[in-house]
>>> print(open('query.pdb').read())   # PDB, N, CA and C atoms, pLDDT in the B column
ATOM      1  N   MET A   1      14.762 -10.254  39.785  1.00 69.00           N
ATOM      2  CA  MET A   1      13.439  -9.708  39.692  1.00 69.00           C
ATOM      3  C   MET A   1      13.285  -8.972  38.358  1.00 69.00           C
ATOM      4  N   ALA A   2      12.084  -8.911  37.866  1.00 80.00           N
ATOM      5  CA  ALA A   2      11.827  -8.298  36.566  1.00 80.00           C
ATOM      6  C   ALA A   2      11.795  -6.781  36.679  1.00 80.00           C
ATOM      7  N   ASP A   3      12.055  -6.123  35.553  1.00 87.00           N
ATOM      8  CA  ASP A   3      11.999  -4.666  35.518  1.00 87.00           C
ATOM      9  C   ASP A   3      10.552  -4.210  35.487  1.00 87.00           C
ATOM     10  N   VAL A   4      10.318  -3.052  36.094  1.00 85.00           N
ATOM     11  CA  VAL A   4       8.983  -2.471  36.112  1.00 85.00           C
ATOM     12  C   VAL A   4       8.786  -1.710  34.801  1.00 85.00           C
ATOM     13  N   ILE A   5       7.648  -1.929  34.150  1.00 84.00           N
ATOM     14  CA  ILE A   5       7.348  -1.289  32.873  1.00 84.00           C
ATOM     15  C   ILE A   5       6.163  -0.358  33.060  1.00 84.00           C
ATOM     16  N   ASN A   6       6.329   0.883  32.601  1.00 90.00           N
ATOM     17  CA  ASN A   6       5.223   1.822  32.643  1.00 90.00           C
ATOM     18  C   ASN A   6       4.350   1.554  31.410  1.00 90.00           C
ATOM     19  N   LEU A   7       3.146   1.056  31.640  1.00 92.00           N
ATOM     20  CA  LEU A   7       2.286   0.646  30.543  1.00 92.00           C
ATOM     21  C   LEU A   7       1.813   1.826  29.707  1.00 92.00           C
ATOM     22  N   LYS A   8       1.653   2.998  30.316  1.00 95.00           N
ATOM     23  CA  LYS A   8       1.262   4.182  29.551  1.00 95.00           C
ATOM     24  C   LYS A   8       2.329   4.528  28.520  1.00 95.00           C
ATOM     25  N   ARG A   9       3.582   4.500  28.953  1.00 93.00           N
ATOM     26  CA  ARG A   9       4.681   4.803  28.020  1.00 93.00           C
ATOM     27  C   ARG A   9       4.763   3.763  26.919  1.00 93.00           C
ATOM     28  N   PHE A  10       4.590   2.516  27.293  1.00 92.00           N
ATOM     29  CA  PHE A  10       4.636   1.441  26.305  1.00 92.00           C
ATOM     30  C   PHE A  10       3.525   1.616  25.270  1.00 92.00           C
ATOM     31  N   LYS A  11       2.302   1.925  25.746  1.00 95.00           N
ATOM     32  CA  LYS A  11       1.164   2.101  24.852  1.00 95.00           C
ATOM     33  C   LYS A  11       1.374   3.301  23.935  1.00 95.00           C
ATOM     34  N   LYS A  12       1.838   4.414  24.501  1.00 96.00           N
ATOM     35  CA  LYS A  12       2.070   5.611  23.689  1.00 96.00           C
ATOM     36  C   LYS A  12       3.172   5.371  22.652  1.00 96.00           C
ATOM     37  N   ARG A  13       4.240   4.695  23.043  1.00 95.00           N
ATOM     38  CA  ARG A  13       5.320   4.411  22.093  1.00 95.00           C
ATOM     39  C   ARG A  13       4.820   3.508  20.977  1.00 95.00           C
ATOM     40  N   ASN A  14       4.016   2.525  21.330  1.00 96.00           N
ATOM     41  CA  ASN A  14       3.459   1.619  20.339  1.00 96.00           C
ATOM     42  C   ASN A  14       2.552   2.372  19.367  1.00 96.00           C
ATOM     43  N   GLU A  15       1.722   3.274  19.886  1.00 97.00           N
ATOM     44  CA  GLU A  15       0.838   4.065  19.023  1.00 97.00           C
ATOM     45  C   GLU A  15       1.636   4.985  18.102  1.00 97.00           C
ATOM     46  N   ARG A  16       2.702   5.590  18.611  1.00 98.00           N
ATOM     47  CA  ARG A  16       3.553   6.448  17.768  1.00 98.00           C
ATOM     48  C   ARG A  16       4.214   5.645  16.653  1.00 98.00           C
ATOM     49  N   GLU A  17       4.695   4.459  16.981  1.00 97.00           N
ATOM     50  CA  GLU A  17       5.318   3.612  15.966  1.00 97.00           C
ATOM     51  C   GLU A  17       4.304   3.195  14.909  1.00 97.00           C
ATOM     52  N   GLN A  18       3.094   2.869  15.343  1.00 98.00           N
ATOM     53  CA  GLN A  18       2.030   2.491  14.405  1.00 98.00           C
ATOM     54  C   GLN A  18       1.694   3.667  13.494  1.00 98.00           C
ATOM     55  N   ALA A  19       1.594   4.869  14.072  1.00 97.00           N
ATOM     56  CA  ALA A  19       1.298   6.069  13.282  1.00 97.00           C
ATOM     57  C   ALA A  19       2.419   6.340  12.286  1.00 97.00           C
ATOM     58  N   ALA A  20       3.657   6.112  12.688  1.00 97.00           N
ATOM     59  CA  ALA A  20       4.793   6.324  11.783  1.00 97.00           C
ATOM     60  C   ALA A  20       4.748   5.330  10.621  1.00 97.00           C
ATOM     61  N   ARG A  21       4.397   4.082  10.904  1.00 97.00           N
ATOM     62  CA  ARG A  21       4.283   3.092   9.827  1.00 97.00           C
ATOM     63  C   ARG A  21       3.166   3.473   8.858  1.00 97.00           C
ATOM     64  N   GLN A  22       2.043   3.935   9.399  1.00 97.00           N
ATOM     65  CA  GLN A  22       0.928   4.358   8.552  1.00 97.00           C
ATOM     66  C   GLN A  22       1.322   5.561   7.709  1.00 97.00           C
ATOM     67  N   ALA A  23       2.066   6.492   8.301  1.00 96.00           N
ATOM     68  CA  ALA A  23       2.512   7.677   7.562  1.00 96.00           C
ATOM     69  C   ALA A  23       3.447   7.276   6.425  1.00 96.00           C
ATOM     70  N   ASP A  24       4.334   6.324   6.668  1.00 94.00           N
ATOM     71  CA  ASP A  24       5.223   5.846   5.605  1.00 94.00           C
ATOM     72  C   ASP A  24       4.427   5.222   4.470  1.00 94.00           C
ATOM     73  N   ALA A  25       3.417   4.430   4.824  1.00 92.00           N
ATOM     74  CA  ALA A  25       2.593   3.798   3.801  1.00 92.00           C
ATOM     75  C   ALA A  25       1.837   4.852   3.001  1.00 92.00           C
ATOM     76  N   ASN A  26       1.324   5.870   3.680  1.00 92.00           N
ATOM     77  CA  ASN A  26       0.597   6.929   2.982  1.00 92.00           C
ATOM     78  C   ASN A  26       1.521   7.736   2.092  1.00 92.00           C
ATOM     79  N   ARG A  27       2.739   7.987   2.537  1.00 90.00           N
ATOM     80  CA  ARG A  27       3.694   8.712   1.694  1.00 90.00           C
ATOM     81  C   ARG A  27       3.994   7.939   0.429  1.00 90.00           C
ATOM     82  N   ALA A  28       4.129   6.630   0.566  1.00 85.00           N
ATOM     83  CA  ALA A  28       4.414   5.807  -0.607  1.00 85.00           C
ATOM     84  C   ALA A  28       3.214   5.760  -1.542  1.00 85.00           C
ATOM     85  N   ARG A  29       2.021   5.775  -0.969  1.00 83.00           N
ATOM     86  CA  ARG A  29       0.816   5.623  -1.778  1.00 83.00           C
ATOM     87  C   ARG A  29       0.375   6.934  -2.422  1.00 83.00           C
ATOM     88  N   PHE A  30       0.401   8.010  -1.667  1.00 87.00           N
ATOM     89  CA  PHE A  30      -0.150   9.270  -2.147  1.00 87.00           C
ATOM     90  C   PHE A  30       0.911  10.307  -2.495  1.00 87.00           C
ATOM     91  N   GLY A  31       2.118  10.143  -2.039  1.00 88.00           N
ATOM     92  CA  GLY A  31       3.146  11.152  -2.240  1.00 88.00           C
ATOM     93  C   GLY A  31       3.928  10.939  -3.516  1.00 88.00           C
ATOM     94  N   ARG A  32       3.231  10.769  -4.622  1.00 85.00           N
ATOM     95  CA  ARG A  32       3.887  10.528  -5.894  1.00 85.00           C
ATOM     96  C   ARG A  32       3.599  11.681  -6.839  1.00 85.00           C
ATOM     97  N   THR A  33       4.489  11.861  -7.785  1.00 88.00           N
ATOM     98  CA  THR A  33       4.300  12.921  -8.766  1.00 88.00           C
ATOM     99  C   THR A  33       3.250  12.500  -9.786  1.00 88.00           C
ATOM    100  N   LYS A  34       2.799  13.455 -10.559  1.00 90.00           N
ATOM    101  CA  LYS A  34       1.800  13.191 -11.578  1.00 90.00           C
ATOM    102  C   LYS A  34       2.335  12.204 -12.618  1.00 90.00           C
ATOM    103  N   VAL A  35       3.605  12.330 -12.950  1.00 94.00           N
ATOM    104  CA  VAL A  35       4.228  11.438 -13.933  1.00 94.00           C
ATOM    105  C   VAL A  35       4.263  10.004 -13.403  1.00 94.00           C
ATOM    106  N   GLU A  36       4.613   9.843 -12.123  1.00 90.00           N
ATOM    107  CA  GLU A  36       4.646   8.503 -11.541  1.00 90.00           C
ATOM    108  C   GLU A  36       3.253   7.868 -11.516  1.00 90.00           C
ATOM    109  N   ARG A  37       2.245   8.672 -11.172  1.00 88.00           N
ATOM    110  CA  ARG A  37       0.872   8.138 -11.163  1.00 88.00           C
ATOM    111  C   ARG A  37       0.442   7.751 -12.567  1.00 88.00           C
ATOM    112  N   ALA A  38       0.773   8.575 -13.569  1.00 94.00           N
ATOM    113  CA  ALA A  38       0.404   8.270 -14.947  1.00 94.00           C
ATOM    114  C   ALA A  38       1.115   7.003 -15.424  1.00 94.00           C
ATOM    115  N   LEU A  39       2.384   6.855 -15.049  1.00 95.00           N
ATOM    116  CA  LEU A  39       3.143   5.664 -15.432  1.00 95.00           C
ATOM    117  C   LEU A  39       2.527   4.413 -14.820  1.00 95.00           C
ATOM    118  N   ASP A  40       2.154   4.472 -13.561  1.00 92.00           N
ATOM    119  CA  ASP A  40       1.512   3.328 -12.913  1.00 92.00           C
ATOM    120  C   ASP A  40       0.174   3.002 -13.570  1.00 92.00           C
ATOM    121  N   GLU A  41      -0.571   4.023 -13.936  1.00 94.00           N
ATOM    122  CA  GLU A  41      -1.857   3.806 -14.604  1.00 94.00           C
ATOM    123  C   GLU A  41      -1.652   3.130 -15.956  1.00 94.00           C
ATOM    124  N   ARG A  42      -0.653   3.583 -16.715  1.00 97.00           N
ATOM    125  CA  ARG A  42      -0.361   2.957 -18.016  1.00 97.00           C
ATOM    126  C   ARG A  42       0.068   1.514 -17.841  1.00 97.00           C
ATOM    127  N   ARG A  43       0.881   1.237 -16.820  1.00 97.00           N
ATOM    128  CA  ARG A  43       1.317  -0.145 -16.570  1.00 97.00           C
ATOM    129  C   ARG A  43       0.121  -1.028 -16.217  1.00 97.00           C
ATOM    130  N   LYS A  44      -0.788  -0.496 -15.396  1.00 96.00           N
ATOM    131  CA  LYS A  44      -1.966  -1.268 -15.006  1.00 96.00           C
ATOM    132  C   LYS A  44      -2.857  -1.536 -16.212  1.00 96.00           C
ATOM    133  N   ASP A  45      -3.047  -0.517 -17.055  1.00 96.00           N
ATOM    134  CA  ASP A  45      -3.854  -0.698 -18.264  1.00 96.00           C
ATOM    135  C   ASP A  45      -3.218  -1.707 -19.202  1.00 96.00           C
ATOM    136  N   ARG A  46      -1.908  -1.630 -19.361  1.00 96.00           N
ATOM    137  CA  ARG A  46      -1.183  -2.553 -20.246  1.00 96.00           C
ATOM    138  C   ARG A  46      -1.318  -3.991 -19.740  1.00 96.00           C
ATOM    139  N   ALA A  47      -1.184  -4.179 -18.433  1.00 95.00           N
ATOM    140  CA  ALA A  47      -1.314  -5.521 -17.866  1.00 95.00           C
ATOM    141  C   ALA A  47      -2.723  -6.061 -18.088  1.00 95.00           C
ATOM    142  N   GLY A  48      -3.722  -5.203 -17.929  1.00 94.00           N
ATOM    143  CA  GLY A  48      -5.105  -5.640 -18.174  1.00 94.00           C
ATOM    144  C   GLY A  48      -5.325  -5.988 -19.629  1.00 94.00           C
ATOM    145  N   ASP A  49      -4.753  -5.195 -20.534  1.00 93.00           N
ATOM    146  CA  ASP A  49      -4.884  -5.488 -21.962  1.00 93.00           C
ATOM    147  C   ASP A  49      -4.219  -6.810 -22.326  1.00 93.00           C
ATOM    148  N   LEU A  50      -3.046  -7.053 -21.787  1.00 93.00           N
ATOM    149  CA  LEU A  50      -2.347  -8.315 -22.073  1.00 93.00           C
ATOM    150  C   LEU A  50      -3.138  -9.501 -21.542  1.00 93.00           C
ATOM    151  N   LEU A  51      -3.741  -9.336 -20.381  1.00 91.00           N
ATOM    152  CA  LEU A  51      -4.549 -10.408 -19.817  1.00 91.00           C
ATOM    153  C   LEU A  51      -5.783 -10.667 -20.681  1.00 91.00           C
ATOM    154  N   ASP A  52      -6.418  -9.597 -21.158  1.00 91.00           N
ATOM    155  CA  ASP A  52      -7.591  -9.749 -22.016  1.00 91.00           C
ATOM    156  C   ASP A  52      -7.236 -10.423 -23.337  1.00 91.00           C
ATOM    157  N   GLN A  53      -6.048 -10.180 -23.834  1.00 90.00           N
ATOM    158  CA  GLN A  53      -5.626 -10.777 -25.102  1.00 90.00           C
ATOM    159  C   GLN A  53      -5.445 -12.287 -24.991  1.00 90.00           C
ATOM    160  N   HIS A  54      -5.214 -12.774 -23.792  1.00 87.00           N
ATOM    161  CA  HIS A  54      -4.976 -14.198 -23.608  1.00 87.00           C
ATOM    162  C   HIS A  54      -6.221 -14.976 -23.202  1.00 87.00           C
ATOM    163  N   LYS A  55      -7.378 -14.347 -23.238  1.00 85.00           N
ATOM    164  CA  LYS A  55      -8.602 -15.060 -22.905  1.00 85.00           C
ATOM    165  C   LYS A  55      -8.937 -16.042 -24.023  1.00 85.00           C
ATOM    166  N   LEU A  56      -9.483 -17.157 -23.626  1.00 82.00           N
ATOM    167  CA  LEU A  56      -9.872 -18.176 -24.581  1.00 82.00           C
ATOM    168  C   LEU A  56     -11.354 -18.058 -24.873  1.00 82.00           C
ATOM    169  N   ASP A  57     -11.719 -18.224 -26.149  1.00 76.00           N
ATOM    170  CA  ASP A  57     -13.121 -18.264 -26.528  1.00 76.00           C
ATOM    171  C   ASP A  57     -13.610 -19.705 -26.392  1.00 76.00           C
ATOM    172  N   ASP A  58     -14.828 -19.865 -25.855  1.00 72.00           N
ATOM    173  CA  ASP A  58     -15.350 -21.222 -25.714  1.00 72.00           C
ATOM    174  C   ASP A  58     -16.176 -21.653 -26.901  1.00 72.00           C
ATOM    175  N   GLY A  59     -16.331 -20.821 -27.926  1.00 64.00           N
ATOM    176  CA  GLY A  59     -17.008 -21.228 -29.133  1.00 64.00           C
ATOM    177  C   GLY A  59     -18.516 -21.147 -29.073  1.00 64.00           C
ATOM    178  N   ASP A  60     -19.081 -20.796 -27.951  1.00 65.00           N
ATOM    179  CA  ASP A  60     -20.531 -20.702 -27.827  1.00 65.00           C
ATOM    180  C   ASP A  60     -21.046 -19.289 -28.031  1.00 65.00           C
ATOM    181  N   ALA A  61     -20.280 -18.460 -28.668  1.00 56.00           N
ATOM    182  CA  ALA A  61     -20.721 -17.097 -28.925  1.00 56.00           C
ATOM    183  C   ALA A  61     -21.815 -17.092 -29.980  1.00 56.00           C
ATOM    184  N   SER A  62     -22.984 -16.582 -29.617  1.00 54.00           N
ATOM    185  CA  SER A  62     -24.066 -16.570 -30.599  1.00 54.00           C
ATOM    186  C   SER A  62     -24.533 -15.173 -30.879  1.00 54.00           C
TER     187      SER A  62
END
>>> encode(input="query.pdb", output="structure tokens")
Amino acid sequence: MADVINLKRFKKRNEREQAARQADANRARFGRTKVERALDERRKDRAGDLLDQHKLDDGDAS
């Protein structure tokens, strides 16, 4: 015979695990130092600049 499962406990445990995953994601996203945020911003700007440098002109510029 199968084991009896308390659905309230299962639901609460699932919600706690979900909240813990969200907290980890928020820590990674927002829990950074000013230097780390500035470094990421510079990397993003550099990547955008490199992408812009590789754009092709179609010759119809008037």
>>> select_by_dssp(input="query.pdb", residues="chain A", states="helix (DSSP H, G or I)", output="PyMOL selection string")
chain A and resi 7-30+34-53
>>> axis_aligned_box(input="query.pdb", around="stretch 17-36 of chain A", padding_each_side="6 Å", output="lines of an AutoDock Vina configuration file")
center_x = 2.6
center_y = 8.0
center_z = 1.5
size_x = 17.5
size_y = 23.0
size_z = 42.9
>>> atom_distance(input="query.pdb", atom1="atom CA of A:Arg37", atom2="atom CA of A:His54")
26.2 Å
>>> atom_distance(input="query.pdb", atom1="atom CA of A:Gln53", atom2="atom CA of A:Lys34")
28.5 Å
>>> atom_distance(input="query.pdb", atom1="atom CA of A:Arg27", atom2="atom N of A:Lys8")
29.3 Å
